[in-house]
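Source file final06.txt; content: compact mmCIF, C-alpha atoms.
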```txt
# COMPACT_ATOMS: atom_id res chain seq x y z
CA MET A 1451 25.20 -28.17 3.26
CA ALA A 1452 26.30 -25.00 1.46
CA ALA A 1453 24.10 -23.81 -1.42
CA ALA A 1454 27.01 -23.98 -3.88
CA LYS A 1455 27.77 -27.61 -2.99
CA THR A 1456 24.10 -28.59 -3.14
CA GLU A 1457 23.78 -27.09 -6.60
CA ARG A 1458 26.97 -28.81 -7.76
CA LEU A 1459 25.75 -32.22 -6.54
CA LEU A 1460 22.37 -31.75 -8.21
CA ASN A 1461 24.03 -30.73 -11.47
CA LEU A 1462 26.29 -33.78 -11.22
CA VAL A 1463 23.25 -36.04 -10.85
CA ILE A 1464 21.59 -34.38 -13.83
CA CYS A 1465 24.76 -34.74 -15.88
CA LEU A 1466 25.29 -38.43 -15.09
CA LEU A 1467 21.62 -39.31 -15.44
CA ALA A 1468 21.15 -37.53 -18.77
CA ALA A 1469 24.27 -38.97 -20.44
CA SER A 1470 23.63 -41.83 -22.84
CA ARG A 1471 27.11 -43.28 -22.25
CA TYR A 1472 29.81 -43.29 -19.59
CA LEU A 1473 31.47 -39.90 -19.12
CA THR A 1474 35.11 -39.23 -18.43
CA LYS A 1475 36.18 -37.03 -15.55
CA ASP A 1476 37.24 -34.38 -18.03
CA GLN A 1477 33.79 -34.32 -19.64
CA ILE A 1478 32.14 -34.09 -16.21
CA ARG A 1479 34.48 -31.30 -15.18
CA ARG A 1480 33.55 -29.25 -18.27
CA ALA A 1481 29.81 -29.93 -17.98
CA VAL A 1482 29.18 -29.45 -14.25
CA PRO A 1483 29.60 -25.92 -12.83
CA GLY A 1484 31.35 -25.43 -9.52
CA TYR A 1485 34.47 -27.55 -9.86
CA SER A 1486 37.91 -26.04 -9.29
CA ASP A 1487 40.28 -25.22 -12.15
CA SER A 1488 43.05 -26.97 -10.24
CA ASP A 1489 43.50 -30.62 -11.26
CA GLU A 1490 44.28 -31.71 -7.71
CA ALA A 1491 41.36 -29.80 -6.20
CA PHE A 1492 38.97 -31.18 -8.84
CA GLU A 1493 40.04 -34.74 -8.06
CA ARG A 1494 39.37 -34.25 -4.34
CA MET A 1495 36.00 -32.56 -4.91
CA PHE A 1496 34.81 -35.12 -7.45
CA GLU A 1497 35.77 -38.09 -5.27
CA ARG A 1498 33.92 -36.58 -2.30
CA ASP A 1499 30.86 -35.76 -4.42
CA LYS A 1500 30.77 -39.26 -5.91
CA GLU A 1501 30.90 -40.90 -2.49
CA GLU A 1502 28.27 -38.56 -1.04
CA LEU A 1503 25.88 -39.43 -3.87
CA ARG A 1504 26.40 -43.12 -3.23
CA GLN A 1505 25.79 -42.63 0.50
CA LEU A 1506 22.51 -40.94 -0.43
CA GLY A 1507 21.53 -44.07 -2.36
CA ILE A 1508 22.20 -42.67 -5.85
CA PRO A 1509 23.87 -45.45 -7.88
CA VAL A 1510 26.92 -43.88 -9.55
CA GLU A 1511 28.31 -46.62 -11.79
CA THR A 1512 31.81 -46.91 -13.24
CA ALA A 1513 33.02 -48.71 -16.35
CA PRO A 1514 35.71 -48.32 -19.02
CA VAL A 1515 34.84 -45.58 -21.50
CA ASP A 1516 36.12 -47.76 -24.33
CA ARG A 1517 35.12 -51.41 -24.05
CA PHE A 1518 38.29 -52.48 -25.85
CA PHE A 1519 40.58 -50.51 -23.54
CA ASP A 1520 40.22 -50.20 -19.76
CA ASP A 1521 42.75 -47.43 -19.23
CA GLU A 1522 40.12 -44.70 -18.74
CA ILE A 1523 37.16 -45.05 -16.38
CA GLY A 1524 33.81 -43.39 -17.02
CA TYR A 1525 30.84 -42.59 -14.81
CA ARG A 1526 27.09 -42.75 -15.29
CA ILE A 1527 23.78 -43.14 -13.44
CA GLN A 1528 21.54 -45.75 -15.06
CA ARG A 1529 17.93 -44.64 -15.23
CA SER A 1530 16.70 -48.16 -14.48
CA SER A 1531 18.63 -48.13 -11.18
CA TYR A 1532 17.64 -44.58 -10.27
CA GLU A 1533 13.92 -44.54 -11.07
CA LEU A 1534 11.33 -45.57 -8.52
CA PRO A 1535 9.04 -48.55 -9.18
CA GLU A 1536 5.36 -47.99 -9.86
CA ILE A 1537 3.71 -46.35 -6.86
CA ARG A 1538 0.03 -46.68 -6.00
CA LEU A 1539 -1.39 -44.00 -3.72
CA GLU A 1540 -4.60 -43.64 -1.77
CA ALA A 1541 -6.60 -40.45 -2.32
CA ASP A 1542 -5.37 -38.75 0.84
CA GLU A 1543 -1.75 -39.72 0.11
CA ALA A 1544 -2.05 -38.27 -3.37
CA ALA A 1545 -3.41 -35.08 -1.85
CA VAL A 1546 -0.37 -34.80 0.43
CA LEU A 1547 1.95 -35.26 -2.54
CA GLY A 1548 -0.04 -32.60 -4.38
CA LEU A 1549 0.65 -30.20 -1.55
CA ALA A 1550 4.32 -31.17 -1.55
CA ALA A 1551 4.49 -30.46 -5.27
CA ARG A 1552 3.57 -26.87 -4.52
CA VAL A 1553 6.71 -26.64 -2.38
CA TRP A 1554 9.25 -28.63 -4.39
CA GLN A 1555 9.22 -27.23 -7.90
CA GLN A 1556 11.52 -27.41 -10.91
CA ARG A 1557 11.80 -23.85 -12.08
CA SER A 1558 14.50 -22.72 -9.62
CA LEU A 1559 16.93 -25.28 -11.04
CA ALA A 1560 15.70 -25.19 -14.62
CA GLN A 1561 18.44 -22.82 -15.78
CA SER A 1562 21.25 -24.75 -14.09
CA ALA A 1563 19.99 -28.05 -15.50
CA SER A 1564 19.65 -26.61 -19.00
CA ASP A 1565 23.17 -25.17 -18.84
CA ALA A 1566 24.63 -28.54 -17.84
CA LEU A 1567 22.84 -30.37 -20.68
CA LEU A 1568 23.89 -27.74 -23.23
CA LYS A 1569 27.52 -28.15 -22.17
CA LEU A 1570 27.27 -31.92 -22.59
CA ARG A 1571 25.81 -31.61 -26.08
CA ALA A 1572 28.40 -29.00 -27.03
CA ALA A 1573 31.10 -31.48 -25.99
CA GLY A 1574 29.62 -34.06 -28.36
CA VAL A 1575 27.90 -36.16 -25.70
CA GLU A 1576 24.42 -37.40 -26.62
CA THR A 1577 21.78 -37.06 -23.92
CA ASP A 1578 18.60 -38.99 -23.36
CA ASP A 1579 15.32 -37.13 -23.58
CA VAL A 1580 14.62 -37.60 -19.87
CA SER A 1581 12.32 -35.81 -17.54
CA LEU A 1582 14.24 -34.17 -14.71
CA VAL A 1583 11.27 -34.08 -12.39
CA GLY A 1584 12.30 -35.48 -9.00
CA ILE A 1585 15.99 -34.62 -9.24
CA GLU A 1586 15.60 -30.88 -8.98
CA PRO A 1587 14.54 -30.34 -5.35
CA ARG A 1588 15.18 -26.63 -5.21
CA VAL A 1589 12.57 -25.23 -2.88
CA ASN A 1590 9.91 -23.06 -4.44
CA ALA A 1591 7.23 -22.52 -1.83
CA SER A 1592 3.85 -21.09 -2.73
CA GLU A 1593 4.50 -17.92 -0.73
CA PRO A 1594 5.75 -15.15 -3.07
CA ALA A 1595 8.19 -14.04 -0.37
CA PHE A 1596 10.06 -17.35 -0.35
CA GLY A 1597 12.19 -16.76 -3.44
CA PRO A 1598 13.58 -13.33 -2.58
CA LEU A 1599 14.08 -14.27 1.09
CA TRP A 1600 15.93 -17.46 0.19
CA GLU A 1601 18.17 -15.45 -2.13
CA ALA A 1602 18.76 -12.89 0.63
CA VAL A 1603 19.83 -15.67 3.03
CA ARG A 1604 22.09 -17.14 0.38
CA ASP A 1605 23.65 -13.77 -0.47
CA ARG A 1606 23.77 -12.58 3.17
CA ARG A 1607 21.86 -9.46 2.18
CA PRO A 1608 19.53 -7.44 4.48
CA VAL A 1609 15.95 -6.95 3.32
CA THR A 1610 12.85 -4.93 4.08
CA PHE A 1611 9.21 -5.97 3.74
CA ASP A 1612 5.71 -5.19 4.98
CA TYR A 1613 4.36 -7.64 7.54
CA ARG A 1614 0.91 -8.31 8.99
CA ALA A 1615 1.04 -10.04 12.38
CA ALA A 1616 -1.49 -12.71 13.35
CA GLY A 1617 -4.93 -11.22 13.92
CA ALA A 1618 -3.78 -7.73 12.88
CA VAL A 1619 -5.28 -5.59 10.13
CA ASP A 1620 -2.49 -3.05 9.65
CA VAL A 1621 0.86 -3.92 8.10
CA VAL A 1622 4.20 -2.78 9.54
CA ARG A 1623 7.45 -2.22 7.65
CA ARG A 1624 10.22 -4.51 8.94
CA HIS A 1625 13.99 -4.47 8.32
CA LEU A 1626 15.67 -7.86 8.70
CA GLU A 1627 19.15 -9.33 8.47
CA PRO A 1628 18.07 -12.88 7.46
CA TRP A 1629 19.95 -15.88 8.85
CA GLY A 1630 17.88 -18.77 7.57
CA ILE A 1631 14.51 -20.15 6.44
CA VAL A 1632 12.83 -23.06 8.21
CA SER A 1633 9.72 -25.15 7.62
CA TRP A 1634 7.90 -25.56 10.95
CA HIS A 1635 4.67 -27.57 11.19
CA GLY A 1636 4.04 -27.13 7.46
CA ARG A 1637 4.70 -23.38 7.33
CA TRP A 1638 7.75 -21.39 6.27
CA TYR A 1639 9.52 -18.91 8.54
CA VAL A 1640 12.51 -16.62 8.14
CA THR A 1641 14.65 -15.81 11.17
CA GLY A 1642 17.33 -13.18 11.70
CA HIS A 1643 18.27 -9.91 13.35
CA ASP A 1644 15.35 -7.47 13.35
CA ARG A 1645 16.89 -4.01 13.00
CA ASP A 1646 13.69 -2.31 14.13
CA ARG A 1647 13.54 -4.27 17.40
CA GLY A 1648 17.27 -4.74 17.85
CA ALA A 1649 16.70 -8.43 18.58
CA VAL A 1650 16.26 -11.86 16.98
CA ARG A 1651 12.84 -12.31 15.39
CA SER A 1652 11.09 -14.94 13.26
CA PHE A 1653 8.51 -14.06 10.61
CA ARG A 1654 6.00 -16.33 8.91
CA LEU A 1655 6.33 -16.01 5.15
CA SER A 1656 2.60 -16.15 4.43
CA ARG A 1657 2.17 -12.94 6.46
CA VAL A 1658 4.61 -10.96 4.35
CA VAL A 1659 2.64 -8.44 2.30
CA GLY A 1660 3.91 -7.27 -1.08
CA ASP A 1661 7.49 -7.36 -2.31
CA VAL A 1662 10.64 -8.20 -0.39
CA ARG A 1663 13.27 -5.57 -1.23
CA PRO A 1664 17.04 -5.46 -0.67
CA ALA A 1665 18.12 -3.09 2.12
CA GLY A 1666 21.90 -3.36 1.96
CA GLU A 1667 24.90 -4.92 0.29
CA ALA A 1668 25.38 -8.63 -0.33
CA GLY A 1669 27.74 -10.22 2.19
CA SER A 1670 26.94 -7.69 4.92
CA VAL A 1671 24.83 -10.06 7.06
CA GLU A 1672 26.73 -12.12 9.62
CA LYS A 1673 24.94 -15.13 11.08
CA PRO A 1674 26.21 -16.06 14.55
CA PRO A 1675 27.99 -19.43 14.40
CA ASP A 1676 25.90 -20.81 17.27
CA ALA A 1677 22.53 -19.64 15.88
CA ASP A 1678 20.01 -22.53 15.87
CA ILE A 1679 17.36 -21.31 13.40
CA ARG A 1680 14.95 -24.19 13.98
CA ALA A 1681 15.10 -23.76 17.76
CA MET A 1682 14.40 -20.04 17.39
CA VAL A 1683 11.31 -20.70 15.30
CA ALA A 1684 10.16 -23.39 17.72
CA ASP A 1685 10.49 -20.97 20.63
CA ALA A 1686 8.47 -18.33 18.79
CA TYR A 1687 5.78 -20.56 17.24
CA GLY A 1688 5.65 -23.67 19.39
CA PRO A 1689 2.35 -25.21 20.51
CA GLU A 1690 0.30 -23.19 22.94
CA PRO A 1691 0.16 -24.57 26.51
CA ALA A 1692 -3.58 -25.06 26.59
CA ALA A 1693 -5.92 -27.89 27.56
CA VAL A 1694 -7.11 -30.36 24.95
CA GLN A 1695 -10.38 -29.29 23.31
CA GLU A 1696 -12.64 -30.70 20.60
CA ALA A 1697 -13.65 -28.87 17.44
CA THR A 1698 -16.69 -29.78 15.35
CA LEU A 1699 -16.21 -28.88 11.69
CA ARG A 1700 -18.12 -29.14 8.45
CA ILE A 1701 -15.70 -30.01 5.66
CA ARG A 1702 -16.59 -30.12 2.00
CA SER A 1703 -16.44 -33.67 0.60
CA GLY A 1704 -13.10 -34.40 -1.03
CA ALA A 1705 -11.35 -31.41 0.58
CA ALA A 1706 -9.01 -30.72 3.50
CA TYR A 1707 -7.42 -34.17 3.78
CA PRO A 1708 -4.84 -33.05 6.37
CA LEU A 1709 -7.68 -32.23 8.75
CA ARG A 1710 -9.32 -35.59 8.16
CA ARG A 1711 -6.17 -37.59 8.86
CA ARG A 1712 -6.04 -36.33 12.46
CA ALA A 1713 -9.77 -36.43 13.07
CA GLN A 1714 -11.40 -38.41 15.86
CA SER A 1715 -14.46 -39.04 13.68
CA VAL A 1716 -15.72 -38.31 10.15
CA LEU A 1717 -19.44 -38.60 9.35
CA SER A 1718 -20.61 -38.15 5.76
CA GLU A 1719 -23.70 -36.04 5.18
CA GLU A 1720 -25.96 -36.04 2.14
CA ASP A 1721 -25.39 -32.43 1.08
CA GLY A 1722 -21.80 -32.81 -0.09
CA TRP A 1723 -20.29 -32.07 3.33
CA ASP A 1724 -18.78 -34.19 6.10
CA LEU A 1725 -19.07 -33.67 9.85
CA VAL A 1726 -15.58 -33.91 11.35
CA VAL A 1727 -14.54 -33.89 15.01
CA ARG A 1728 -10.88 -33.35 15.93
CA ARG A 1729 -8.96 -32.44 19.06
CA PHE A 1730 -6.75 -29.40 19.35
CA PHE A 1731 -4.71 -27.39 21.84
CA GLY A 1732 -4.34 -23.72 20.86
CA THR A 1733 -7.34 -21.79 19.58
CA GLU A 1734 -5.43 -19.14 17.63
CA SER A 1735 -3.01 -21.57 15.98
CA LEU A 1736 -5.84 -23.88 14.85
CA ALA A 1737 -7.91 -20.90 13.69
CA GLU A 1738 -5.08 -19.72 11.47
CA TYR A 1739 -4.74 -23.23 10.05
CA LEU A 1740 -8.47 -23.63 9.41
CA ALA A 1741 -8.66 -20.23 7.74
CA SER A 1742 -6.11 -21.40 5.19
CA PHE A 1743 -8.69 -23.86 3.81
CA GLY A 1744 -11.06 -21.01 2.93
CA PRO A 1745 -14.70 -21.93 2.15
CA ASP A 1746 -14.03 -25.68 2.33
CA VAL A 1747 -14.14 -25.68 6.15
CA VAL A 1748 -16.82 -24.26 8.46
CA VAL A 1749 -16.44 -24.25 12.25
CA LEU A 1750 -19.56 -25.27 14.16
CA ASP A 1751 -18.10 -25.48 17.66
CA PRO A 1752 -16.64 -24.15 19.93
CA PRO A 1753 -17.77 -20.53 19.44
CA GLU A 1754 -14.40 -19.04 20.38
CA LEU A 1755 -12.72 -21.07 17.63
CA ARG A 1756 -15.33 -19.94 15.11
CA ASP A 1757 -14.80 -16.31 16.13
CA ALA A 1758 -11.02 -16.70 15.85
CA VAL A 1759 -11.36 -18.09 12.30
CA VAL A 1760 -13.58 -15.16 11.34
CA ARG A 1761 -10.95 -12.74 12.65
CA GLN A 1762 -8.26 -14.48 10.62
CA LEU A 1763 -10.34 -14.33 7.45
CA ARG A 1764 -11.21 -10.67 7.97
CA ALA A 1765 -7.60 -9.79 8.65
CA GLY A 1766 -6.52 -11.59 5.51
CA ALA A 1767 -9.12 -9.70 3.51
CA GLY A 1768 -8.12 -6.38 5.06
CA VAL A 1769 -11.56 -5.85 6.60
CA THR A 1770 -11.79 -3.69 9.71
CA VAL A 1771 -14.67 -4.40 12.07
CA ASP A 1772 -15.69 -1.94 14.79
CA ALA A 1773 -15.98 -3.37 18.26
```
Could you render the structure as structure tokens?
Amino acid sequence: MAAAKTERLLNLVICLLAASRYLTKDQIRRAVPGYSDSDEAFERMFERDKEELRQLGIPVETAPVDRFFDDEIGYRIQRSSYELPEIRLEADEAAVLGLAARVWQQRSLAQSASDALLKLRAAGVETDDVSLVGIEPRVNASEPAFGPLWEAVRDRRPVTFDYRAAGAVDVVRRHLEPWGIVSWHGRWYVTGHDRDRGAVRSFRLSRVVGDVRPAGEAGSVEKPPDADIRAMVADAYGPEPAAVQEATLRIRSGAAYPLRRRAQSVLSEEDGWDLVVRRFFGTESLAEYLASFGPDVVVLDPPELRDAVVRQLRAGAGVTVDA
């Protein structure tokens, strides 16, 4: 779905959910950005948007705007129909949602939502004092590079950034024509035409060092129509073809729930740590994952995995070790 359409649908949900009464099409048209000035085009767009929201399970209700006259139909989303029932979560499930909250944040849509509500109030429509958390799924990943790279993809603008490859200490300046951003096995990647290599390349966002800077005009990047971004990332960062191994880890109590969920065994110790055994395939890929947990995870065995984690941590800290 195009970014402009996604934003229009989200603003429409915000508009209909925040309204304290049924809104006419004219009020919706003035409050929600993105609709055409043409009456005929607006009717087509609004009807499609309304049906798409209903197909997504969002209950767009209709009723006469004036209860004494049924000549004008209004639209609204009732909070009681939209809100989820009370949810009870286990500790590990809550931890997963906590991680997800770091990815799906409000702030990217805060301005658009505020603009829509201001337009409603300016038109004389009262709005409920509702929390918009949960209806603003604009991605805001924890990596600082996500925002500017997403904007570059949206604007079709080339960029340049410094990049540290896996296991490397030095950073290298890269020039990229970005085609898309993909989440692959819990990590974010940007894919596009690498001007330095003259070929398609994928880059992991957490390895981008420093600022992402524009390197050309908006609209100058052309994504091939048959480009499958997810397949490109899978080819570059798929699982390593290695034999199954077992890793023995010490994990701080109450930490690293994703590791525990896939563990073969978890044994609690008395010193505030747990002994965890889990299977894995690729040493380097698991080492990079374990390093992301910092001091909460210690590798006991096998030695090559422990050494790989140490290399990842030293590379992340910019420490050079002589052979």
Contacts of segment 1676-1765 of chain A with segment 1617-1632 of chain A up to 10 Å, shortest pair per row, all atoms listed in the file, as a Markdown table:
```
| residue | atom | partner | partner_atom | distance |
| --- | --- | --- | --- | --- |
| A:Ala1677 | CA | A:Trp1629 | CA | 8.4 |
| A:Asp1678 | CA | A:Gly1630 | CA | 9.4 |
| A:Ile1679 | CA | A:Gly1630 | CA | 6.4 |
| A:Arg1680 | CA | A:Val1632 | CA | 6.3 |
| A:Ala1681 | CA | A:Val1632 | CA | 9.8 |
| A:Met1682 | CA | A:Val1632 | CA | 9.8 |
| A:Val1683 | CA | A:Val1632 | CA | 7.6 |
| A:Ala1684 | CA | A:Val1632 | CA | 9.9 |
| A:Glu1734 | CA | A:Gly1617 | CA | 8.8 |
| A:Glu1738 | CA | A:Gly1617 | CA | 8.8 |
| A:Ala1758 | CA | A:Gly1617 | CA | 8.4 |
| A:Val1759 | CA | A:Gly1617 | CA | 9.5 |
| A:Val1760 | CA | A:Gly1617 | CA | 9.8 |
| A:Arg1761 | CA | A:Gly1617 | CA | 6.3 |
| A:Gln1762 | CA | A:Gly1617 | CA | 5.7 |
| A:Leu1763 | CA | A:Gly1617 | CA | 9.0 |
| A:Arg1764 | CA | A:Val1619 | CA | 8.1 |
| A:Ala1765 | CA | A:Val1619 | CA | 5.0 |
```
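Take the candidates A:Tyr1525, A:Tyr1687, A:Tyr1639, A:Phe1596 and check each one against Arg1654 of chain A using all atoms listed in the file; the shortest distance goes to A:Tyr1639.
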Write out as a PDB file with C-alpha atoms, in the coordinates of the input each polymer residue whose atoms come within 7 Å of Arg1606 of chain A, counting all atoms listed in the file; drop sequence neighbours fewer than 5 positions from it.
```
ATOM      1  CA  ALA A1668      25.380  -8.630  -0.330  1.00  0.00           C
ATOM      2  CA  GLY A1669      27.740 -10.220   2.190  1.00  0.00           C
ATOM      3  CA  SER A1670      26.940  -7.690   4.920  1.00  0.00           C
ATOM      4  CA  VAL A1671      24.830 -10.060   7.060  1.00  0.00           C
TER       5      VAL A1671
END
```
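Between atom CA of Arg1645 of chain A and atom CA of Thr1610 of chain A the interatomic distance comes to 9.8 Å.
For the pair atom CA of Leu1503 of chain A and atom CA of Gln1528 of chain A, the interatomic distance is 13.6 Å.
Note that the spacing between atom CA of Val1658 of chain A and atom CA of Ala1595 of chain A amounts to 6.7 Å.
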